[in-house]
Amino acid sequence: MGKGVLTPMRGEAPRAEAPQLTLRLERTTLDQILAQQTSFPEAIGSGAVTVEGDITVLATFRSLLGRPRRNVPIVLP
């Protein structure tokens, strides 16, 4: 995440930085988390998510994300 923008990257991180946290999970688990059918702590507790690194980074990352607005104006050409 940089300058308020989350951008996926393939391959190695810039400047060969090591990740502070790695989460491994199935897409279906992520879908359940996004649909609020479960949470990261519940999924981690059940073993559906494996954690490598500093788990506190997840809370920091979540605090950087704002809640999406339901009534976002869409501008079309």
# chains A, B, ... in the order shown; residues from 1 in each chain; ligands from 1
$ select_by_dssp --residues "chain A" --states "strand (DSSP E or B)" --output "short mmCIF file (atom, residue, chain, number, x, y, z; two decimals) with N, CA, C and O atoms, in the first residue's frame"
data_model
loop_
_atom_site.label_atom_id
_atom_site.label_comp_id
_atom_site.auth_asym_id
_atom_site.auth_seq_id
_atom_site.Cartn_x
_atom_site.Cartn_y
_atom_site.Cartn_z
N GLY A 2 0.64 2.12 -0.92
CA GLY A 2 1.45 3.32 -0.98
C GLY A 2 0.61 4.49 -1.45
O GLY A 2 -0.19 4.37 -2.37
N VAL A 5 -3.08 3.84 -1.94
CA VAL A 5 -3.54 2.97 -3.02
C VAL A 5 -2.97 1.57 -2.80
O VAL A 5 -1.78 1.40 -2.61
N LEU A 21 4.10 -9.74 7.03
CA LEU A 21 3.07 -10.74 7.31
C LEU A 21 2.68 -11.42 6.02
O LEU A 21 2.50 -10.77 4.99
N THR A 22 2.56 -12.74 6.08
CA THR A 22 2.05 -13.51 4.95
C THR A 22 0.87 -14.33 5.44
O THR A 22 0.97 -15.03 6.46
N LEU A 23 -0.24 -14.20 4.74
CA LEU A 23 -1.44 -14.99 5.04
C LEU A 23 -1.68 -15.94 3.88
O LEU A 23 -1.65 -15.53 2.73
N ARG A 24 -1.94 -17.19 4.18
CA ARG A 24 -2.25 -18.17 3.14
C ARG A 24 -3.66 -18.70 3.40
O ARG A 24 -3.95 -19.17 4.50
N LEU A 25 -4.50 -18.58 2.36
CA LEU A 25 -5.89 -19.01 2.49
C LEU A 25 -6.47 -19.30 1.12
O LEU A 25 -5.97 -18.83 0.12
N VAL A 49 -6.83 -20.15 7.69
CA VAL A 49 -5.81 -19.17 7.32
C VAL A 49 -4.55 -19.49 8.11
O VAL A 49 -4.62 -19.65 9.33
N THR A 50 -3.43 -19.61 7.41
CA THR A 50 -2.16 -19.78 8.11
C THR A 50 -1.41 -18.46 8.09
O THR A 50 -1.51 -17.70 7.13
N VAL A 51 -0.69 -18.21 9.16
CA VAL A 51 -0.02 -16.93 9.37
C VAL A 51 1.48 -17.13 9.48
O VAL A 51 1.93 -18.02 10.20
N GLU A 52 2.23 -16.30 8.75
CA GLU A 52 3.68 -16.26 8.89
C GLU A 52 4.07 -14.81 9.11
O GLU A 52 3.79 -13.96 8.27
N GLY A 53 4.67 -14.51 10.25
CA GLY A 53 5.10 -13.14 10.53
C GLY A 53 4.32 -12.51 11.65
O GLY A 53 3.71 -13.18 12.48
#
$ residues_around --residues "Thr38 in chain A" --least-positions-apart "6" --cutoff "12 Å" --atoms "only C-alpha atoms" --output "VMD selection string"
chain A and resid 28 to 32 44 to 46 48 to 49
$ select_by_dssp --residues "chain A" --states "helix (DSSP H, G or I)" --output "NGL selection string"
:A and (14-16 or 27-34 or 40-46 or 56-64)
$ closest_residue --among "A:Arg70, A:Met9, A:Pro19, A:Arg27" --to "Ile55 in chain A" --atoms "only C-alpha atoms"
A:Pro19
$ closest_residue --among "A:Glu12, A:Ile74, A:Gln20, A:Gly47" --to "Thr60 in chain A" --atoms "only C-alpha atoms"
A:Gln20
